[in-house]
>>> print(open('input-v8.cif').read())   # mmCIF, C-alpha atoms and all ligand atoms
data_upload
#
loop_
_atom_site.label_atom_id
_atom_site.label_comp_id
_atom_site.auth_asym_id
_atom_site.auth_seq_id
_atom_site.Cartn_x
_atom_site.Cartn_y
_atom_site.Cartn_z
CA MET A 1 -31.08 -7.65 10.34
CA VAL A 2 -27.65 -6.12 10.61
CA SER A 3 -28.11 -2.80 12.31
CA ILE A 4 -24.50 -2.05 13.15
CA LYS A 5 -22.55 -1.00 10.10
CA ALA A 6 -18.86 -0.40 9.58
CA PRO A 7 -17.83 3.20 10.37
CA ARG A 8 -17.93 5.75 7.55
CA GLY A 9 -14.96 5.69 5.22
CA VAL A 10 -13.75 2.15 5.95
CA ARG A 11 -14.10 -0.95 3.84
CA ASP A 12 -14.23 -4.68 4.28
CA ILE A 13 -11.80 -6.39 1.97
CA LEU A 14 -13.72 -9.51 1.02
CA PRO A 15 -12.39 -12.70 -0.59
CA GLU A 16 -13.20 -11.45 -4.12
CA GLU A 17 -10.64 -8.72 -3.54
CA SER A 18 -8.30 -10.00 -0.85
CA TRP A 19 -6.49 -12.40 -3.19
CA LYS A 20 -5.60 -9.41 -5.37
CA TRP A 21 -4.15 -7.67 -2.32
CA ALA A 22 -2.14 -10.79 -1.54
CA PHE A 23 -0.66 -10.67 -5.03
CA VAL A 24 0.41 -7.03 -4.64
CA LEU A 25 1.86 -7.70 -1.19
CA LYS A 26 3.78 -10.72 -2.46
CA THR A 27 5.17 -8.69 -5.36
CA ALA A 28 6.16 -5.90 -2.97
CA SER A 29 7.98 -8.37 -0.78
CA GLU A 30 9.88 -9.75 -3.80
CA VAL A 31 10.88 -6.27 -4.96
CA ALA A 32 11.93 -5.44 -1.39
CA GLN A 33 14.16 -8.50 -1.36
CA ASP A 34 15.74 -7.56 -4.70
CA PHE A 35 16.51 -4.04 -3.49
CA ASN A 36 17.64 -5.34 -0.07
CA TYR A 37 14.90 -3.79 2.07
CA LYS A 38 13.94 -5.75 5.20
CA GLU A 39 10.38 -6.03 6.46
CA VAL A 40 9.32 -4.63 9.83
CA HIS A 41 5.99 -4.58 11.65
CA LEU A 42 5.41 -1.45 13.64
CA PRO A 43 2.63 -0.47 16.05
CA ILE A 44 -0.61 0.87 14.66
CA PHE A 45 -0.82 3.50 17.39
CA GLU A 46 1.93 5.75 18.64
CA GLN A 47 2.26 8.65 21.03
CA THR A 48 0.45 11.62 19.50
CA GLU A 49 3.60 13.67 19.92
CA LEU A 50 5.45 11.54 17.38
CA PHE A 51 3.21 12.74 14.57
CA ALA A 52 2.65 16.23 15.96
CA ARG A 53 6.41 16.77 15.96
CA GLY A 54 7.44 14.45 13.17
CA VAL A 55 4.80 15.15 10.54
CA GLY A 56 4.49 18.84 11.42
CA SER A 57 1.78 20.72 13.24
CA THR A 58 0.77 22.88 10.27
CA THR A 59 0.04 19.96 7.96
CA ASP A 60 -3.46 18.84 6.97
CA VAL A 61 -2.71 15.43 8.39
CA VAL A 62 -1.93 16.72 11.88
CA GLU A 63 -4.36 19.63 11.88
CA LYS A 64 -7.47 17.78 10.86
CA GLU A 65 -6.94 14.19 9.83
CA MET A 66 -5.64 12.34 12.86
CA TYR A 67 -7.54 9.84 14.96
CA ILE A 68 -6.47 10.85 18.45
CA PHE A 69 -7.64 9.16 21.61
CA GLU A 70 -6.79 8.98 25.25
CA ASP A 71 -6.11 5.55 26.70
CA ARG A 72 -7.10 4.46 30.18
CA GLY A 73 -3.80 5.69 31.55
CA GLY A 74 -4.52 9.20 30.29
CA ARG A 75 -1.93 9.05 27.47
CA SER A 76 -2.66 10.75 24.20
CA LEU A 77 -2.29 8.20 21.43
CA THR A 78 -2.89 8.43 17.70
CA LEU A 79 -3.74 5.84 15.08
CA ARG A 80 -0.84 6.19 12.67
CA PRO A 81 -1.63 8.38 9.65
CA GLU A 82 1.58 7.40 7.88
CA LEU A 83 4.69 5.33 8.49
CA SER A 84 7.83 7.45 8.01
CA ALA A 85 7.67 8.97 11.51
CA SER A 86 7.21 5.52 13.08
CA MET A 87 10.05 4.11 10.98
CA VAL A 88 12.44 6.82 12.15
CA ARG A 89 11.19 6.46 15.73
CA SER A 90 11.92 2.75 15.53
CA TYR A 91 15.33 3.39 13.96
CA LEU A 92 16.27 5.70 16.83
CA GLU A 93 14.72 3.64 19.61
CA ASN A 94 16.33 0.41 18.45
CA ARG A 95 19.71 2.04 17.91
CA MET A 96 19.75 1.11 14.26
CA ASP A 97 22.49 3.69 13.77
CA GLN A 98 24.75 0.88 14.99
CA ARG A 99 23.90 -1.19 11.91
CA PRO A 100 25.38 -0.76 8.44
CA GLN A 101 23.98 2.43 6.92
CA PRO A 102 21.60 3.17 5.35
CA VAL A 103 19.15 0.92 7.13
CA LYS A 104 16.58 -0.10 4.53
CA LEU A 105 13.18 -1.08 5.81
CA TRP A 106 9.74 -1.72 4.46
CA SER A 107 6.33 -2.40 5.89
CA ALA A 108 2.71 -2.77 4.87
CA GLY A 109 -0.39 -2.12 6.90
CA PRO A 110 -3.35 0.11 7.62
CA MET A 111 -3.12 3.89 8.08
CA PHE A 112 -5.85 6.12 9.44
CA ARG A 113 -6.86 9.59 8.34
CA TYR A 114 -10.05 11.46 9.03
CA GLU A 115 -10.73 12.61 5.48
CA ARG A 116 -13.83 13.03 3.35
CA PRO A 117 -14.35 9.55 1.91
CA GLN A 118 -14.49 9.28 -1.89
CA LYS A 119 -13.19 7.00 -4.61
CA GLY A 120 -9.62 6.07 -3.71
CA ARG A 121 -9.83 7.94 -0.41
CA TYR A 122 -10.73 6.16 2.79
CA ARG A 123 -10.38 6.68 6.51
CA GLN A 124 -8.59 3.40 6.93
CA PHE A 125 -6.37 2.50 4.02
CA TRP A 126 -3.25 0.44 3.48
CA GLN A 127 0.15 1.67 2.53
CA LEU A 128 3.26 -0.08 1.33
CA ASP A 129 6.08 1.91 2.84
CA PHE A 130 9.77 1.80 2.00
CA GLU A 131 12.40 3.83 3.85
CA ALA A 132 16.20 4.12 3.61
CA ILE A 133 17.52 5.79 6.74
CA GLY A 134 21.10 6.96 7.29
CA SER A 135 22.46 8.30 3.99
CA GLN A 136 22.41 11.65 2.21
CA ASP A 137 23.47 10.20 -1.13
CA PRO A 138 21.08 11.31 -3.90
CA TYR A 139 21.50 7.85 -5.40
CA VAL A 140 19.49 6.51 -2.47
CA ASP A 141 16.68 8.81 -3.59
CA VAL A 142 17.19 7.38 -7.08
CA GLU A 143 17.03 3.85 -5.67
CA VAL A 144 13.80 4.59 -3.83
CA ILE A 145 12.20 6.01 -6.97
CA ALA A 146 13.50 3.10 -9.04
CA LEU A 147 12.10 0.66 -6.49
CA SER A 148 8.62 2.15 -6.71
CA VAL A 149 8.74 2.17 -10.51
CA GLU A 150 9.93 -1.44 -10.57
CA LEU A 151 7.14 -2.46 -8.21
CA PHE A 152 4.49 -0.89 -10.44
CA LYS A 153 6.13 -2.38 -13.52
CA ARG A 154 6.03 -5.87 -12.06
CA LEU A 155 2.37 -5.32 -11.24
CA GLY A 156 1.81 -4.59 -14.91
CA MET A 157 0.69 -0.99 -14.36
CA ARG A 158 0.95 1.33 -17.33
CA GLY A 159 0.74 5.03 -18.06
CA LEU A 160 2.45 6.08 -14.87
CA ASP A 161 4.46 9.27 -14.62
CA VAL A 162 7.22 10.11 -12.19
CA VAL A 163 7.19 13.72 -11.09
CA ILE A 164 9.99 15.15 -8.99
CA ASN A 165 10.85 18.38 -7.28
CA SER A 166 13.20 19.66 -4.63
CA VAL A 167 11.73 21.55 -1.71
CA GLY A 168 15.10 22.60 -0.30
CA CYS A 169 16.15 22.60 3.32
CA PRO A 170 16.04 24.93 6.34
CA VAL A 171 18.81 26.98 4.71
CA CYS A 172 17.12 27.74 1.41
CA ARG A 173 13.46 27.36 2.32
CA PRO A 174 13.11 30.59 4.31
CA VAL A 175 14.48 32.60 1.37
CA HIS A 176 11.99 30.97 -0.98
CA LYS A 177 9.19 31.38 1.55
CA GLU A 178 9.82 35.11 1.76
CA ALA A 179 9.86 35.47 -2.02
CA LEU A 180 6.68 33.42 -2.28
CA GLN A 181 4.86 35.46 0.35
CA LYS A 182 5.93 38.65 -1.34
CA PHE A 183 4.65 37.32 -4.65
CA LEU A 184 1.33 36.25 -3.14
CA GLU A 185 0.67 39.29 -1.01
CA PRO A 186 -1.15 41.35 -3.67
CA HIS A 187 -3.46 38.36 -4.34
CA LEU A 188 -4.20 37.46 -0.74
CA GLU A 189 -7.88 38.37 -0.99
CA GLU A 190 -8.40 36.21 -4.09
CA LEU A 191 -6.96 33.03 -2.56
CA CYS A 192 -9.30 30.37 -1.22
CA PRO A 193 -9.88 30.48 2.57
CA THR A 194 -7.58 27.51 3.16
CA CYS A 195 -4.74 29.12 1.25
CA ARG A 196 -5.31 32.43 2.98
CA SER A 197 -4.84 30.64 6.28
CA ARG A 198 -1.72 28.95 4.88
CA TYR A 199 -0.17 32.25 3.85
CA ASN A 200 1.58 32.81 7.16
CA ARG A 201 1.85 29.30 8.50
CA ASN A 202 2.80 27.22 5.48
CA PRO A 203 2.72 29.20 2.21
CA LEU A 204 4.53 26.42 0.33
CA ARG A 205 1.34 24.39 0.41
CA ILE A 206 -0.48 27.09 -1.56
CA LEU A 207 1.48 25.90 -4.58
CA ASP A 208 -0.29 22.57 -4.47
CA CYS A 209 -3.87 23.84 -3.97
CA LYS A 210 -6.30 22.37 -6.51
CA ASN A 211 -8.58 25.43 -6.54
CA PRO A 212 -8.50 26.90 -10.09
CA THR A 213 -8.24 30.53 -8.88
CA CYS A 214 -5.34 29.68 -6.56
CA ARG A 215 -3.69 27.72 -9.35
CA ALA A 216 -3.97 30.65 -11.74
CA ILE A 217 -2.46 32.98 -9.16
CA THR A 218 0.47 30.66 -8.44
CA GLU A 219 1.14 29.93 -12.12
CA ASN A 220 4.26 32.09 -12.13
CA ALA A 221 5.06 31.94 -8.45
CA PRO A 222 8.70 31.61 -7.35
CA LYS A 223 9.82 28.02 -7.71
CA THR A 224 11.56 26.17 -4.91
CA ILE A 225 14.24 24.92 -7.29
CA SER A 226 15.22 28.48 -8.20
CA TYR A 227 16.13 29.12 -4.54
CA LEU A 228 18.06 25.97 -3.67
CA CYS A 229 21.24 26.43 -1.63
CA PRO A 230 24.42 24.96 -3.17
CA GLU A 231 24.07 21.72 -1.19
CA CYS A 232 20.43 21.17 -2.17
CA LYS A 233 21.20 22.14 -5.74
CA GLU A 234 23.99 19.60 -5.95
CA HIS A 235 21.74 16.97 -4.44
CA PHE A 236 18.99 17.70 -6.98
CA GLU A 237 21.53 17.46 -9.82
CA GLY A 238 22.70 14.12 -8.41
CA LEU A 239 19.14 12.88 -8.34
CA LYS A 240 18.58 13.79 -11.98
CA VAL A 241 21.89 12.24 -13.05
CA GLY A 242 20.99 9.00 -11.28
CA LEU A 243 17.54 8.86 -12.84
CA ASP A 244 19.09 9.49 -16.27
CA VAL A 245 21.67 6.76 -15.72
CA LEU A 246 18.83 4.32 -15.10
CA GLY A 247 16.86 5.68 -18.04
CA LEU A 248 13.97 6.49 -15.72
CA HIS A 249 11.70 9.02 -17.33
CA TYR A 250 10.54 11.86 -15.08
CA SER A 251 9.25 15.38 -15.23
CA ILE A 252 9.79 18.24 -12.82
CA ASP A 253 6.66 19.56 -11.16
CA ASN A 254 7.28 22.87 -9.42
CA ARG A 255 3.99 22.54 -7.57
CA LEU A 256 4.93 19.27 -5.95
CA VAL A 257 5.58 20.20 -2.34
CA ARG A 258 3.92 17.27 -0.55
CA GLY A 259 1.70 17.48 2.46
CA LEU A 260 4.12 16.65 5.23
CA ASP A 261 6.39 19.25 6.81
CA TYR A 262 9.42 17.08 7.29
CA TYR A 263 10.32 16.78 3.64
CA THR A 264 13.65 18.24 2.58
CA LYS A 265 15.25 18.21 -0.86
CA THR A 266 13.64 15.49 -2.99
CA ALA A 267 9.87 15.26 -3.23
CA TYR A 268 8.33 12.89 -5.74
CA GLU A 269 5.14 11.18 -6.75
CA VAL A 270 4.12 8.52 -9.18
CA ILE A 271 0.81 9.49 -10.71
CA SER A 272 -1.70 7.63 -12.82
CA GLY A 273 -4.09 9.21 -15.29
CA ASP A 274 -6.55 6.43 -14.47
CA LEU A 275 -7.18 7.55 -10.90
CA GLY A 276 -8.99 10.85 -11.53
CA ALA A 277 -8.66 13.43 -8.75
CA GLN A 278 -6.87 11.08 -6.36
CA ASN A 279 -4.16 10.48 -8.91
CA ALA A 280 -1.13 9.75 -6.73
CA VAL A 281 -0.31 6.07 -6.54
CA CYS A 282 2.67 6.77 -4.37
CA GLY A 283 4.42 9.70 -2.83
CA GLY A 284 7.69 10.15 -1.11
CA GLY A 285 10.84 12.06 -0.69
CA ARG A 286 13.66 12.95 1.60
CA TYR A 287 13.22 13.90 5.25
CA ASP A 288 16.64 14.81 6.61
CA ASN A 289 15.19 16.67 9.60
CA LEU A 290 12.61 14.19 10.78
CA ALA A 291 14.88 12.37 13.24
CA GLU A 292 15.87 15.62 14.92
CA ALA A 293 12.27 16.82 14.98
CA ILE A 294 11.32 13.83 17.12
CA GLY A 295 14.25 14.28 19.48
CA GLY A 296 16.91 12.07 17.91
CA LYS A 297 20.27 12.90 16.42
CA HIS A 298 20.41 14.24 12.88
CA THR A 299 19.79 11.31 10.54
CA PRO A 300 18.99 11.75 6.85
CA GLY A 301 16.40 9.52 5.26
CA VAL A 302 14.35 9.01 2.14
CA GLY A 303 11.36 6.84 1.33
CA PHE A 304 7.95 6.50 -0.21
CA ALA A 305 4.50 5.23 0.59
CA ALA A 306 2.09 3.74 -1.92
CA GLY A 307 -1.64 3.36 -1.35
CA LEU A 308 -2.66 -0.27 -1.71
CA GLU A 309 -6.31 0.51 -2.56
CA ARG A 310 -5.17 2.88 -5.30
CA ILE A 311 -2.77 0.32 -6.71
CA VAL A 312 -5.50 -2.31 -6.89
CA LEU A 313 -7.97 0.21 -8.34
CA THR A 314 -5.54 1.24 -11.07
CA MET A 315 -4.67 -2.38 -11.84
CA GLU A 316 -8.35 -3.26 -12.15
CA GLN A 317 -9.00 -0.32 -14.44
CA GLN A 318 -6.04 -1.29 -16.59
CA GLY A 319 -7.04 -4.94 -16.69
CA CYS A 320 -3.75 -6.02 -15.11
CA SER A 321 -3.25 -9.62 -14.06
CA PHE A 322 -3.26 -10.50 -10.36
CA GLY A 323 -1.84 -13.94 -11.06
CA LYS A 324 -4.04 -16.97 -10.70
CA GLU A 325 -7.06 -16.61 -8.48
CA PRO A 326 -6.91 -19.32 -5.83
CA SER A 327 -9.61 -21.85 -6.58
CA LEU A 328 -11.01 -25.02 -5.12
CA GLU A 329 -9.52 -28.11 -6.72
CA VAL A 330 -11.56 -30.93 -5.29
CA PHE A 331 -14.98 -31.22 -3.71
CA VAL A 332 -15.72 -34.52 -1.99
CA VAL A 333 -19.32 -35.72 -2.17
CA ALA A 334 -20.46 -38.19 0.49
CA LEU A 335 -23.88 -38.98 1.94
CA GLY A 336 -24.08 -41.54 4.79
CA ASP A 337 -22.32 -41.56 8.13
CA PHE A 338 -19.67 -44.07 7.04
CA GLU A 339 -19.11 -42.33 3.70
CA ARG A 340 -18.61 -38.97 5.40
CA LYS A 341 -15.87 -40.46 7.57
CA GLU A 342 -14.18 -41.76 4.43
CA ALA A 343 -14.62 -38.31 2.90
CA LEU A 344 -12.93 -36.63 5.86
CA LYS A 345 -9.95 -38.97 5.48
CA LEU A 346 -9.73 -38.50 1.73
CA MET A 347 -9.95 -34.74 2.06
CA GLN A 348 -7.12 -34.79 4.58
CA GLU A 349 -4.97 -36.81 2.16
CA PHE A 350 -5.58 -34.22 -0.53
CA ARG A 351 -4.86 -31.32 1.77
CA ILE A 352 -1.61 -32.80 3.02
CA GLU A 353 -0.57 -33.10 -0.62
CA GLY A 354 -1.39 -29.45 -1.22
CA ILE A 355 -4.54 -30.15 -3.19
CA SER A 356 -7.23 -27.76 -2.01
CA SER A 357 -10.37 -29.62 -1.11
CA ASP A 358 -13.66 -29.18 0.63
CA MET A 359 -16.92 -30.98 1.39
CA ASP A 360 -20.45 -30.30 2.57
CA PHE A 361 -21.02 -29.62 6.27
CA ASN A 362 -24.74 -28.98 6.18
CA GLY A 363 -26.31 -32.39 5.52
CA LYS A 364 -27.10 -31.63 1.89
CA SER A 365 -28.56 -34.18 -0.51
CA PHE A 366 -26.47 -35.60 -3.36
CA LYS A 367 -27.94 -33.02 -5.72
CA GLY A 368 -27.37 -30.29 -3.17
CA GLN A 369 -23.72 -31.29 -2.77
CA MET A 370 -23.15 -31.30 -6.53
CA LYS A 371 -24.68 -27.87 -6.71
CA LEU A 372 -22.45 -26.65 -3.89
CA ALA A 373 -19.37 -28.04 -5.67
CA ASN A 374 -20.41 -26.02 -8.68
CA GLN A 375 -20.98 -22.86 -6.68
CA LEU A 376 -17.58 -23.20 -5.04
CA GLY A 377 -16.01 -23.52 -8.48
CA ALA A 378 -14.43 -26.91 -7.78
CA ALA A 379 -12.35 -28.27 -10.66
CA CYS A 380 -13.31 -31.88 -9.86
CA VAL A 381 -15.70 -33.73 -7.65
CA CYS A 382 -14.83 -36.99 -5.91
CA ILE A 383 -17.88 -39.11 -5.26
CA LEU A 384 -17.72 -41.54 -2.35
CA GLY A 385 -20.84 -43.65 -2.64
CA GLU A 386 -21.61 -46.94 -0.96
CA GLU A 387 -20.74 -48.83 -4.16
CA GLU A 388 -17.46 -47.02 -4.64
CA ILE A 389 -16.31 -47.59 -1.07
CA LYS A 390 -17.13 -51.31 -1.29
CA ALA A 391 -15.07 -51.55 -4.46
CA LYS A 392 -12.33 -49.36 -2.89
CA LYS A 393 -12.84 -46.93 -5.72
CA ILE A 394 -13.66 -43.28 -6.17
CA SER A 395 -15.66 -41.67 -8.96
CA ILE A 396 -13.98 -38.51 -10.15
CA LYS A 397 -15.96 -36.04 -12.18
CA ASP A 398 -14.33 -33.30 -14.19
CA MET A 399 -16.57 -30.30 -13.61
CA VAL A 400 -15.56 -28.61 -16.86
CA THR A 401 -15.98 -31.49 -19.30
CA GLY A 402 -18.53 -33.40 -17.24
CA GLU A 403 -16.44 -36.52 -17.84
CA GLN A 404 -16.57 -39.09 -15.02
CA VAL A 405 -14.12 -41.94 -14.32
CA GLU A 406 -13.61 -44.49 -11.58
CA VAL A 407 -10.14 -44.82 -10.09
CA PRO A 408 -8.79 -47.05 -7.31
CA LYS A 409 -8.85 -45.20 -3.98
CA GLU A 410 -5.07 -45.26 -3.47
CA GLU A 411 -4.54 -43.66 -6.85
CA ALA A 412 -6.85 -40.72 -6.20
CA VAL A 413 -4.13 -38.24 -5.16
CA THR A 414 -1.87 -39.08 -8.11
CA PHE A 415 -4.80 -38.97 -10.51
CA ILE A 416 -5.99 -35.57 -9.29
CA LYS A 417 -2.46 -34.16 -9.30
CA LYS A 418 -1.98 -35.24 -12.87
CA LYS A 419 -5.37 -33.90 -13.85
CA LEU A 420 -4.69 -30.49 -12.32
CA THR A 421 -1.46 -30.05 -14.24
CA GLU A 422 -3.05 -30.94 -17.59
P1 LIG A 501 -3.36 12.74 -1.48
O1 LIG A 501 -2.79 13.82 -2.32
O2 LIG A 501 -4.09 11.73 -2.26
O3 LIG A 501 -4.12 13.23 -0.29
P2 LIG A 501 -1.15 12.42 0.29
O4 LIG A 501 -0.12 13.35 -0.20
O5 LIG A 501 -1.96 12.79 1.47
O6 LIG A 501 -2.11 11.97 -0.92
P3 LIG A 501 0.77 10.55 1.25
O7 LIG A 501 0.70 11.02 2.65
O8 LIG A 501 1.95 10.82 0.45
O9 LIG A 501 -0.55 11.00 0.48
O10 LIG A 501 0.48 8.98 1.21
C1 LIG A 501 1.05 8.15 0.18
C2 LIG A 501 0.00 7.43 -0.60
O11 LIG A 501 -1.01 6.89 0.23
C3 LIG A 501 -0.79 8.30 -1.57
O12 LIG A 501 -0.08 8.50 -2.74
C4 LIG A 501 -2.03 7.47 -1.80
O13 LIG A 501 -1.80 6.43 -2.74
C5 LIG A 501 -2.26 6.85 -0.45
N1 LIG A 501 -3.27 7.57 0.33
C6 LIG A 501 -3.13 8.72 1.03
N2 LIG A 501 -4.26 9.06 1.65
C7 LIG A 501 -5.16 8.09 1.35
C8 LIG A 501 -6.54 7.84 1.71
N3 LIG A 501 -7.19 8.64 2.53
N4 LIG A 501 -7.13 6.74 1.19
C9 LIG A 501 -6.47 5.89 0.38
N5 LIG A 501 -5.18 6.05 0.01
C10 LIG A 501 -4.53 7.13 0.48
MG MG A 502 -3.81 13.66 1.72
#
>>> encode(input="input-v8.cif", output="structure tokens")
Amino acid sequence: MVSIKAPRGVRDILPEESWKWAFVLKTASEVAQDFNYKEVHLPIFEQTELFARGVGSTTDVVEKEMYIFEDRGGRSLTLRPELSASMVRSYLENRMDQRPQPVKLWSAGPMFRYERPQKGRYRQFWQLDFEAIGSQDPYVDVEVIALSVELFKRLGMRGLDVVINSVGCPVCRPVHKEALQKFLEPHLEELCPTCRSRYNRNPLRILDCKNPTCRAITENAPKTISYLCPECKEHFEGLKVGLDVLGLHYSIDNRLVRGLDYYTKTAYEVISGDLGAQNAVCGGGRYDNLAEAIGGKHTPGVGFAAGLERIVLTMEQQGCSFGKEPSLEVFVVALGDFERKEALKLMQEFRIEGISSDMDFNGKSFKGQMKLANQLGAACVCILGEEEIKAKKISIKDMVTGEQVEVPKEEAVTFIKKKLTE
């Protein structure tokens, strides 16, 4: 009996699913190559301070979702809840400002957030993360959005919408914040408890509350884009021009403010109607003040993160193709001691030639081995019986047609190769 279970909110990705993940990851790596983003592997835990300062102390992520622990040296460490802060930390630490700008990086791996688990929401989940660090050009924002759209397109996903907004910068945000607070003040008592607590600390987030009462109240609230300073306004115009040039359809969502404090100017999401409440497949935007927030010099950046589980979920719901599921090509059946040695050798020959093959390792009978071949979904079975070995032959059975032929041993590889390409 298994009494120890996986912790709440995490999942095992088993073979039935892992090959689909591999397809998405491979596609991501191809898109990255085409857009000239280089892959990096960053640590899964970082100093807690990185996220506290980088993500922002008033965000949901930092306030209640982080996995924080103390190591044996008494340091406070945190399992990364997202990648942008780590990417910028790595950029600064490795003096990537010395490289041609912007530095374009991508990475894939697990993130950790203590959230209420539900469909499409886990405590350990994977993100594909793309970041372009070191340019203010709105066309980099356009490129990042185009990259995400291209990725989803290559994955065959349909019915996706790009929503954009601009959340301004430290120049225009305070003016908007004041207007927003003034607008909300008469309704303070009607807001949900979370929003009431956000009123002073982070009123912008009230715009994105899902509570129907809060939504009704904020229906006509001051929009961030009406308060943009000239620089942010110009940047937002540049973003729209670039998206138009590429013919990328988008809509403006004035409620899109994103959960992380470091965002400046562009905020965007790609949403899917097929995901229900957790409808964001990816989210991103610009974070020109993140580098400074974590103690580095001012370095603009823009990027996005896409949830791998949500991508796979959407693709499954839409019946998208994950390419060809890897399958077993040959199963070698052998009974006696001598035959099993021959089987080992034959299997090795196949494997060296890139033909996937397997055999029984549990002393099964002939019937048992045939059954196993079937269960493993083998395309063909090679039978190495006493007779066959004596005659230096192999019986090859096509598991689909049931057809069986004898071929000389040295022709087995060529025969199978030909058969598999038929
Ligand atoms: P949400 O609105 O779903 O909470 P978020 O704004 O917190 O998303 P981001 O921090 O932008 O999400 O992360 C980018 C992407 O990572 C999301 O669009 C989503 O696809 C995925 N994601 C975020 N949190 C989770 C989670 N707990 N489980 C699975 N995927 C997640
Ligand atoms: Mg969230």
>>> residues_near_ligand(input="input-v8.cif", ligand="ligand LIG 501 (chain A)", cutoff="9 Å", atoms="only C-alpha atoms and all ligand atoms", output="PDB file with C-alpha atoms, in the frame of the given file")
ATOM      1  CA  GLY A   9     -14.960   5.690   5.220  1.00  0.00           C
ATOM      2  CA  ASP A  60      -3.460  18.840   6.970  1.00  0.00           C
ATOM      3  CA  VAL A  61      -2.710  15.430   8.390  1.00  0.00           C
ATOM      4  CA  PRO A  81      -1.630   8.380   9.650  1.00  0.00           C
ATOM      5  CA  GLU A  82       1.580   7.400   7.880  1.00  0.00           C
ATOM      6  CA  MET A 111      -3.120   3.890   8.080  1.00  0.00           C
ATOM      7  CA  PHE A 112      -5.850   6.120   9.440  1.00  0.00           C
ATOM      8  CA  ARG A 113      -6.860   9.590   8.340  1.00  0.00           C
ATOM      9  CA  TYR A 114     -10.050  11.460   9.030  1.00  0.00           C
ATOM     10  CA  GLU A 115     -10.730  12.610   5.480  1.00  0.00           C
ATOM     11  CA  ARG A 116     -13.830  13.030   3.350  1.00  0.00           C
ATOM     12  CA  PRO A 117     -14.350   9.550   1.910  1.00  0.00           C
ATOM     13  CA  GLN A 118     -14.490   9.280  -1.890  1.00  0.00           C
ATOM     14  CA  LYS A 119     -13.190   7.000  -4.610  1.00  0.00           C
ATOM     15  CA  GLY A 120      -9.620   6.070  -3.710  1.00  0.00           C
ATOM     16  CA  ARG A 121      -9.830   7.940  -0.410  1.00  0.00           C
ATOM     17  CA  TYR A 122     -10.730   6.160   2.790  1.00  0.00           C
ATOM     18  CA  ARG A 123     -10.380   6.680   6.510  1.00  0.00           C
ATOM     19  CA  GLN A 124      -8.590   3.400   6.930  1.00  0.00           C
ATOM     20  CA  PHE A 125      -6.370   2.500   4.020  1.00  0.00           C
ATOM     21  CA  TRP A 126      -3.250   0.440   3.480  1.00  0.00           C
ATOM     22  CA  GLN A 127       0.150   1.670   2.530  1.00  0.00           C
ATOM     23  CA  LEU A 128       3.260  -0.080   1.330  1.00  0.00           C
ATOM     24  CA  ASP A 129       6.080   1.910   2.840  1.00  0.00           C
ATOM     25  CA  ARG A 258       3.920  17.270  -0.550  1.00  0.00           C
ATOM     26  CA  GLY A 259       1.700  17.480   2.460  1.00  0.00           C
ATOM     27  CA  LEU A 260       4.120  16.650   5.230  1.00  0.00           C
ATOM     28  CA  GLU A 269       5.140  11.180  -6.750  1.00  0.00           C
ATOM     29  CA  VAL A 270       4.120   8.520  -9.180  1.00  0.00           C
ATOM     30  CA  ILE A 271       0.810   9.490 -10.710  1.00  0.00           C
ATOM     31  CA  ALA A 277      -8.660  13.430  -8.750  1.00  0.00           C
ATOM     32  CA  GLN A 278      -6.870  11.080  -6.360  1.00  0.00           C
ATOM     33  CA  ASN A 279      -4.160  10.480  -8.910  1.00  0.00           C
ATOM     34  CA  ALA A 280      -1.130   9.750  -6.730  1.00  0.00           C
ATOM     35  CA  VAL A 281      -0.310   6.070  -6.540  1.00  0.00           C
ATOM     36  CA  CYS A 282       2.670   6.770  -4.370  1.00  0.00           C
ATOM     37  CA  GLY A 283       4.420   9.700  -2.830  1.00  0.00           C
ATOM     38  CA  GLY A 284       7.690  10.150  -1.110  1.00  0.00           C
ATOM     39  CA  PHE A 304       7.950   6.500  -0.210  1.00  0.00           C
ATOM     40  CA  ALA A 305       4.500   5.230   0.590  1.00  0.00           C
ATOM     41  CA  ALA A 306       2.090   3.740  -1.920  1.00  0.00           C
ATOM     42  CA  GLY A 307      -1.640   3.360  -1.350  1.00  0.00           C
ATOM     43  CA  LEU A 308      -2.660  -0.270  -1.710  1.00  0.00           C
ATOM     44  CA  GLU A 309      -6.310   0.510  -2.560  1.00  0.00           C
ATOM     45  CA  ARG A 310      -5.170   2.880  -5.300  1.00  0.00           C
ATOM     46  CA  ILE A 311      -2.770   0.320  -6.710  1.00  0.00           C
TER      47      ILE A 311
END
>>> closest_residue(input="input-v8.cif", among="A:Met87, A:Cys209, A:Cys214, A:Ala334", to="ligand MG 502 (chain A)", atoms="only C-alpha atoms and all ligand atoms")
A:Cys209
>>> closest_residue(input="input-v8.cif", among="A:Leu420, A:Val381, A:Leu290, A:Ile4", to="Glu403 of chain A", atoms="all atoms listed in the file")
A:Val381
>>> closest_residue(input="input-v8.cif", among="A:Gly385, A:Phe331, A:Phe322, A:Ser107", to="Glu16 of chain A", atoms="only C-alpha atoms")
A:Phe322
>>> residues_around(input="input-v8.cif", residues="segment 187-204 of chain A", least_positions_apart="2", cutoff="10 Å", atoms="all atoms listed in the file", output="MDAnalysis selection string")
chainID A and resid 57:59 167 173 176:178 180:185 206:209 211:218 223:224 255:259 261
>>> residues_near_point(input="input-v8.cif", point="(-19.2, -49.1, 6.6)", cutoff="12 Å", atoms="all atoms listed in the file", output="list in words")
Gly336, Asp337, Phe338, Glu339, Arg340, Lys341, Glu342, Leu384, Gly385, Glu386, Glu387, Glu388, Ile389, Lys390 and Lys392 of chain A
